[in-house]
Amino acid sequence: MKENVVIIGGGIAGMQAARELLLLGYNPMIVEQQDHLGGHVSRWHRLFPDLSSAQDLVRRLGEEISEANIFLETKVSYINRLSGGYLVMLTNGVSIPTKAILVASGFRLFDASRKEEYGYGVYDHVITNADLEAWFGGAPDSRIPSSPRSIGFVHCVGSRDLKAGNSQCSKVCCMTAVKQAIELKERFPDARVYCFYMDLRLFGKKYEDFYINAQEQWEVNFIRGRVSEVGETQDGQLQVKAEDTLVGKPLKLRLDLLVLMSGMLCNPDAAAIARMARLDVDSDGFLKSLDNLGGTTRSSRPGIFYAGACTGTKTVPEALAEARSAALDIHRYLQEA
């Protein structure tokens, strides 16, 4: 009989780990609170830096884990420590005995309405990165003009912001803004597009090339400086005040659309799992790994492992790689148990 491995979270990290565990001969059991798999990526349109389809990635992973046991619209209600393992009780009444648990509960996006100076939820043409991705995917959005002539992106909304309670970099916002700016230029080639950033953090393979291409081919304008104020004119345009810190001059621009790059925070469900399983929570609110070098997929509790953004911000390649690593760690642990 195949050993059970409970995976809490059915985003791409949980799906990738389930794939690897199936190949290693285990019985992965995914517990996902939504009515579908794929997490945030399932609601994304294209992925940087290759502009590949997010839906294709989720679809492929879904096909590769067709033999896994998947509980949708379900949460973990209790985790009971047993001799040599755990009993995981679900909200649907199912109880699963297991020697290993993988937490892959992902992240949540910062609520942009908390940054009142940007006018999200107040002005008609202010949206978030998630709103824009939904629109790219075909969801109608009356806040997006049919033919915008000027578009702005504000980086680091809720990231690297002590007032917002999050001092950490969300890692993906810079590249997401570059990607979304290119996608908007594809649709509205005559529009002027501006990215307001603090520091551009482009650390991954082909990221710098992608950024240079956005400037040279798509003529995206990058302005180093925070937006200090957003208002609305009588004709419905947005008036944005900022400072170009590279030249030391204040700026005042009129925009038809403003996109706020909401940062990544730990999923509140991870805190609930931490309380149930007595897991450590780090100072940034994410779950605390055994260490930040070789033990990122392990917790301080025997038999409990991590993958993806439950321990910190991750790109898609990082989440997938960490899921593969976690599956091998689980395999090694169960072989030695």
# chains A, B, ... in the order shown; residues from 1 in each chain; ligands from 1
$ select_by_dssp --residues "segment 285-320 of chain A" --states "helix (DSSP H, G or I)" --output "VMD selection string"
chain A and resid 308 to 310 316 to 320
$ write_last_selection --atoms "C-alpha atoms" --output "mmCIF file, in the first residue's frame"
data_model
loop_
_atom_site.group_PDB
_atom_site.id
_atom_site.type_symbol
_atom_site.label_atom_id
_atom_site.label_comp_id
_atom_site.auth_asym_id
_atom_site.auth_seq_id
_atom_site.Cartn_x
_atom_site.Cartn_y
_atom_site.Cartn_z
ATOM 1 C CA GLY A 308 6.705 27.634 -2.405
ATOM 2 C CA ALA A 309 5.680 31.018 -1.070
ATOM 3 C CA CYS A 310 4.557 29.889 2.393
ATOM 4 C CA VAL A 316 7.431 30.587 -10.534
ATOM 5 C CA PRO A 317 10.736 28.798 -11.324
ATOM 6 C CA GLU A 318 11.765 29.014 -7.655
ATOM 7 C CA ALA A 319 8.442 27.613 -6.447
ATOM 8 C CA LEU A 320 8.644 24.687 -8.875
#
$ residues_around --residues "Gly38 of chain A" --least-positions-apart "3" --cutoff "8 Å" --atoms "only C-alpha atoms" --output "ChimeraX atom specification"
/A:10-12,15,41-42,58
$ write_last_selection --atoms "N, CA and C atoms" --output "compact mmCIF listing (two decimals), in the first residue's frame"
# COMPACT_ATOMS: atom_id res chain seq x y z
N GLY A 10 -3.02 23.71 -3.16
CA GLY A 10 -2.99 23.17 -4.52
C GLY A 10 -2.56 24.16 -5.56
N GLY A 11 -1.65 25.08 -5.18
CA GLY A 11 -1.04 25.96 -6.17
C GLY A 11 0.02 25.20 -6.95
N ILE A 12 0.83 25.93 -7.71
CA ILE A 12 1.79 25.25 -8.57
C ILE A 12 2.85 24.50 -7.76
N MET A 15 1.16 21.28 -6.63
CA MET A 15 0.95 20.42 -7.80
C MET A 15 2.26 19.78 -8.25
N VAL A 41 -1.36 31.53 -9.93
CA VAL A 41 -0.92 31.38 -11.32
C VAL A 41 -2.09 31.03 -12.23
N SER A 42 -3.10 30.34 -11.69
CA SER A 42 -4.26 29.98 -12.51
C SER A 42 -5.03 31.21 -12.96
N VAL A 58 -0.44 25.39 -15.70
CA VAL A 58 -1.38 24.79 -14.76
C VAL A 58 -2.04 23.56 -15.38
$ closest_atom_pairs --of "segment 59-161 of chain A" --to "segment 286-303 of chain A" --cutoff "8 Å" --atoms "only C-alpha atoms" --output "Markdown table"
| residue | atom | partner | partner_atom | distance |
| --- | --- | --- | --- | --- |
| A:Gly85 | CA | A:Gly303 | CA | 7.1 |
| A:Lys99 | CA | A:Gly303 | CA | 6.1 |
| A:Ala100 | CA | A:Gly303 | CA | 4.5 |
| A:Ile101 | CA | A:Gly303 | CA | 6.2 |
$ atom_distance --atom1 "atom CA of Tyr86 of chain A" --atom2 "atom CA of Asp284 of chain A"
27.5 Å
$ residues_around --residues "Gly121 of chain A" --least-positions-apart "6" --cutoff "9 Å" --atoms "only C-alpha atoms" --output "ChimeraX atom specification"
/A:112-113,127
$ write_last_selection --atoms "N, CA and C atoms" --output "PDB file, in the first residue's frame"
ATOM      1  N   ALA A 112      -4.401  46.819  -1.790  1.00  0.00           N
ATOM      2  CA  ALA A 112      -3.943  48.133  -2.264  1.00  0.00           C
ATOM      3  C   ALA A 112      -4.768  49.281  -1.718  1.00  0.00           C
ATOM      4  N   SER A 113      -5.988  49.032  -1.255  1.00  0.00           N
ATOM      5  CA  SER A 113      -6.805  50.122  -0.713  1.00  0.00           C
ATOM      6  C   SER A 113      -6.219  50.670   0.584  1.00  0.00           C
ATOM      7  N   ILE A 127      -6.212  50.460 -10.786  1.00  0.00           N
ATOM      8  CA  ILE A 127      -6.401  49.013 -10.644  1.00  0.00           C
ATOM      9  C   ILE A 127      -5.113  48.398 -10.077  1.00  0.00           C
TER      10      ILE A 127
END
$ residues_around --residues "Ala177 of chain A" --least-positions-apart "6" --cutoff "8 Å" --atoms "only C-alpha atoms" --output "list in words"
Asn129, Phe153, His155, Cys195 and Met261 of chain A
$ closest_residue --among "A:Lys179, A:Arg278, A:Lys185, A:His45" --to "Tyr211 of chain A" --atoms "only C-alpha atoms"
A:Lys179
$ residues_around --residues "Tyr78 of chain A" --least-positions-apart "3" --cutoff "8 Å" --atoms "only C-alpha atoms" --output "PDB file with C-alpha atoms, in the first residue's frame"
ATOM      1  CA  VAL A  88      -4.875  15.279   9.429  1.00  0.00           C
ATOM      2  CA  MET A  89      -8.588  16.014   9.758  1.00  0.00           C
ATOM      3  CA  LEU A  90     -10.339  17.889   6.949  1.00  0.00           C
ATOM      4  CA  MET A 276      -2.210  23.463  14.617  1.00  0.00           C
TER       5      MET A 276
END
$ select_by_dssp --residues "segment 11-189 of chain A" --states "strand (DSSP E)" --output "MDAnalysis selection string"
chainID A and resid 27:31 46:47 52:53 69:71 76:82 85:90 95:98 100:103 107:109 126:128 150:157
$ closest_residue --among "A:Ser83, A:Gln215, A:Thr311, A:Ser170" --to "Ala270 of chain A" --atoms "only C-alpha atoms"
A:Thr311
$ closest_residue --among "A:Ala191, A:Val5, A:Leu102, A:Ala54" --to "Pro148 of chain A" --atoms "only C-alpha atoms"
A:Ala191
